[in-house]
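Asker: Mind having a look at this structure? Questions to follow.
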Amino acid sequence: MPAFNTHAMQPTASHDEQARQDFVGALRGHLSGRIMPGAYRVYGSKVEPAFKARHGRPPADHDEVRQLMTQEPFYQFWSAMQRRSQELLWESVIDPTERQLPELIARAKQLGDKAKKSARKTRRGTLLLDPKLEVPRYHTAADIHLQPGGYHTDFTTDDVAAGVIYDKGINLYMGGALGPENNLMGDTLLAYLREKHPDFKPRHILDMGCAIGNSTVVWARAFPKARVHGIDVGAPVLRYAHARAEALGVPVDFSQQNAEHTDFADGSFDLIVSHIMLHETSKSALPRILGECRRLLSPGGQMLHLEIPRGKTAIEKFMHNWESYNNNETFCRYMTVIDLHAEALKGGFPSESVTVDEFAPKLDVAQMNYTESFFWKILAARR
Amino acid sequence: MDRAHRGRRVTEPPLFPKGQRPQVFDDPAVDQLYAAYVALATELAVAFDRIDTLERAVIEGGELSRERLEQLSLDALQDPARVAQRTQLAERLLRPFRMFREARIAEGKPLA
């Protein structure tokens, strides 16, 4: 697996903990590279032809494919293994985190204190938590991606565990393809902005649903003169995000807020971004979030949301929807059929300002060392 | 080891993620066997890595006689750390069964 940069907020792994993480990585690589393609072959060579012979037409949509494929032993085998690999992924990261949690909490506090002390001389980041914030149901109903406790639960005072676990967890989840600082999604959206609007120099940037700030830091580095805010509903991920950004020496203002209704004034930002956040929300939250983006943008301001394409054919859509039924990404399956352009209109953006693009960034040599180029979906709009 | 056994926790972190647990096979026991099977494979990989690390260390550091190795193994069988390690292995392997059981209890479903 490609290298993962170390910083002060990362736990160390013992021999066996490292071996466990390495195996989970290898297992997931094998499942996605060698086993999962077999499910497509089973569909193409057996399931679809048999259905056509019986009904004189192919399955109409991903739901019809679902009824057929979930009965197939090969799909069942892959699905059961994939689910367990996801649980093992978290277990392999939780162990070293829990073992070192008191030190990690102490380190986060030290980094926060240092930031406060040096704020008069140099610009440092800040952290503002809101213990009264009501965490939305799309977080509390099920632990997203099966991370026990989700991104929002504190299990001790000043807990940072959810953030520590998330950081290493998503690195393993993508087999290192998110880059040495889980930076790929930020890099991708930045490449899109630079391609479409090469002269745009934002001064006030907001990253919605920032979690551990892995993408937020990319924006703050790219536009060092800009003031960069990151918001999320989860306190433990934000504590970690703040400490991580300080450990990396990047000033970001993190605050615990719901993207549906923030406390920022109208027109506060000239750039609002999010990275695979929309599909973790809900039918009713999505247009509210886009409406909030419109309220927060200054005239001429730009909104950019990075999303995962959900497949074009019925079988592709069904396979993408695995995440919805088995990995606690409940809203995913609705995102397969939602028209993002129409959602942006509900949020108050004029139709001519809205685009939904598929985008594959041109990778530099460093990026090619950890990933291959693949397509992302980007919802863009201008106020 | 479970999260609750580690760190200074105010409340116990959960053994399993909140949310609907999918059942892939007709018999839930098959789901559990698959889960345990993957856990077993993981622990086997960990053991292989450790044997490999030790072999490298022995080769690098000098010789170890067959007799000495046998003697060391006999002594180690009673070693409390080794005993604890075995318990931990059992915990890891049986975790899926506990997880299913506790998830069903949490959902208020019968255990059968």
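Labeling convention for the structure tokens: chains A, B, ... as they appear, residues from 1 per chain, ligands from 1 in order of appearance.
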I want to know what sits within 9 Å of Gly300 of chain A, based on only C-alpha atoms, with residues of the same chain fewer than 5 positions away left out; could you give that as a list of chain:residue names?

Answerer: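 The filter keeps A:Asp270, A:Arg382, A:Arg383.
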
Asker: Write out as a ChimeraX atom specification every residue belonging to chain A that has an atom at most 6 Å from any atom of chain B, counting only C-alpha atoms.

Answerer: /A:16,19-20,76,84,98-99,101,142-143,146,148,155-156,326

Asker: Which distance in Å separates atom CA of Asp266 of chain A and atom CA of Asp232 of chain A, to one decimal?

Answerer: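 Separating atom CA of Asp266 of chain A from atom CA of Asp232 of chain A is a distance of 19.0 Å.
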
Asker: If you run DSSP over the backbone, which residues in segment 234-292 of chain A end up strand (DSSP E or B)? Put them as a list in words.

Answerer: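 Answer for segment 234-292 of chain A, restricted to strand (DSSP E or B): Asp253, Phe254, Ser255, Gln256, Phe269, Asp270, Leu271, Ile272, Val273, Ser274 and His275 of chain A.
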
Asker: So that I can check the surroundings of Pro299 of chain A, please list as a PyMOL selection string every protein, DNA and RNA residue that reaches within 12 Å of it, counting only C-alpha atoms and ignoring chain neighbours fewer than 2 positions away.

Answerer: chain A and resi 266-271+293-297+301-303+349+381-383

Asker: Skipping near chain neighbours, those fewer than 3 positions away, what residues fall within 12 Å of Tyr166 of chain A using only C-alpha atoms, listed as a ChimeraX atom specification?

Answerer: /A:10,89-94,97,144-152,160-163,169-173,182,210-214,234,236-238,240-241

Asker: Would you save the residues from that selection as a PDB file, in the first residue's frame, using C-alpha atoms?

Answerer:
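Written file, result_29.pdb:
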ATOM      1  CA  GLN A  10      -1.551   9.485  14.651  1.00  0.00           C
ATOM      2  CA  LEU A  89     -11.161  -2.571   9.051  1.00  0.00           C
ATOM      3  CA  TRP A  90     -12.563  -0.550  11.944  1.00  0.00           C
ATOM      4  CA  GLU A  91     -11.550  -3.148  14.538  1.00  0.00           C
ATOM      5  CA  SER A  92      -7.951  -3.059  13.248  1.00  0.00           C
ATOM      6  CA  VAL A  93      -7.813   0.728  13.668  1.00  0.00           C
ATOM      7  CA  ILE A  94      -9.806   0.912  16.907  1.00  0.00           C
ATOM      8  CA  THR A  97      -6.421   4.078  18.974  1.00  0.00           C
ATOM      9  CA  ILE A 144     -22.209   5.580   8.781  1.00  0.00           C
ATOM     10  CA  HIS A 145     -19.762   3.134   7.108  1.00  0.00           C
ATOM     11  CA  LEU A 146     -20.192   0.858  10.184  1.00  0.00           C
ATOM     12  CA  GLN A 147     -17.727   2.914  12.241  1.00  0.00           C
ATOM     13  CA  PRO A 148     -18.963   2.020  15.767  1.00  0.00           C
ATOM     14  CA  GLY A 149     -20.327   5.175  17.401  1.00  0.00           C
ATOM     15  CA  GLY A 150     -20.275   7.052  14.093  1.00  0.00           C
ATOM     16  CA  TYR A 151     -18.534  10.409  13.719  1.00  0.00           C
ATOM     17  CA  HIS A 152     -20.474  12.192  16.408  1.00  0.00           C
ATOM     18  CA  VAL A 160     -10.830  12.382  19.651  1.00  0.00           C
ATOM     19  CA  ALA A 161     -11.130   8.643  18.945  1.00  0.00           C
ATOM     20  CA  ALA A 162     -13.743   8.929  16.154  1.00  0.00           C
ATOM     21  CA  GLY A 163     -11.376  11.260  14.230  1.00  0.00           C
ATOM     22  CA  GLY A 169      -9.834   3.950   8.432  1.00  0.00           C
ATOM     23  CA  ILE A 170     -10.473   5.825   5.169  1.00  0.00           C
ATOM     24  CA  ASN A 171      -6.816   5.347   4.225  1.00  0.00           C
ATOM     25  CA  LEU A 172      -7.328   1.561   4.542  1.00  0.00           C
ATOM     26  CA  TYR A 173     -10.821   1.732   3.003  1.00  0.00           C
ATOM     27  CA  ASN A 182      -6.175  11.495   2.454  1.00  0.00           C
ATOM     28  CA  CYS A 210     -15.420  18.419   6.760  1.00  0.00           C
ATOM     29  CA  ALA A 211     -15.028  15.515   9.286  1.00  0.00           C
ATOM     30  CA  ILE A 212     -11.274  15.345  10.039  1.00  0.00           C
ATOM     31  CA  GLY A 213     -10.468  18.269   7.713  1.00  0.00           C
ATOM     32  CA  ASN A 214      -8.418  16.182   5.293  1.00  0.00           C
ATOM     33  CA  GLY A 234     -19.434  15.567  14.974  1.00  0.00           C
ATOM     34  CA  PRO A 236     -14.832  14.126  18.215  1.00  0.00           C
ATOM     35  CA  VAL A 237     -13.947  14.373  14.517  1.00  0.00           C
ATOM     36  CA  LEU A 238     -13.658  18.173  14.822  1.00  0.00           C
ATOM     37  CA  TYR A 240      -9.175  15.685  15.865  1.00  0.00           C
ATOM     38  CA  ALA A 241      -9.432  17.872  12.730  1.00  0.00           C
TER      39      ALA A 241
END
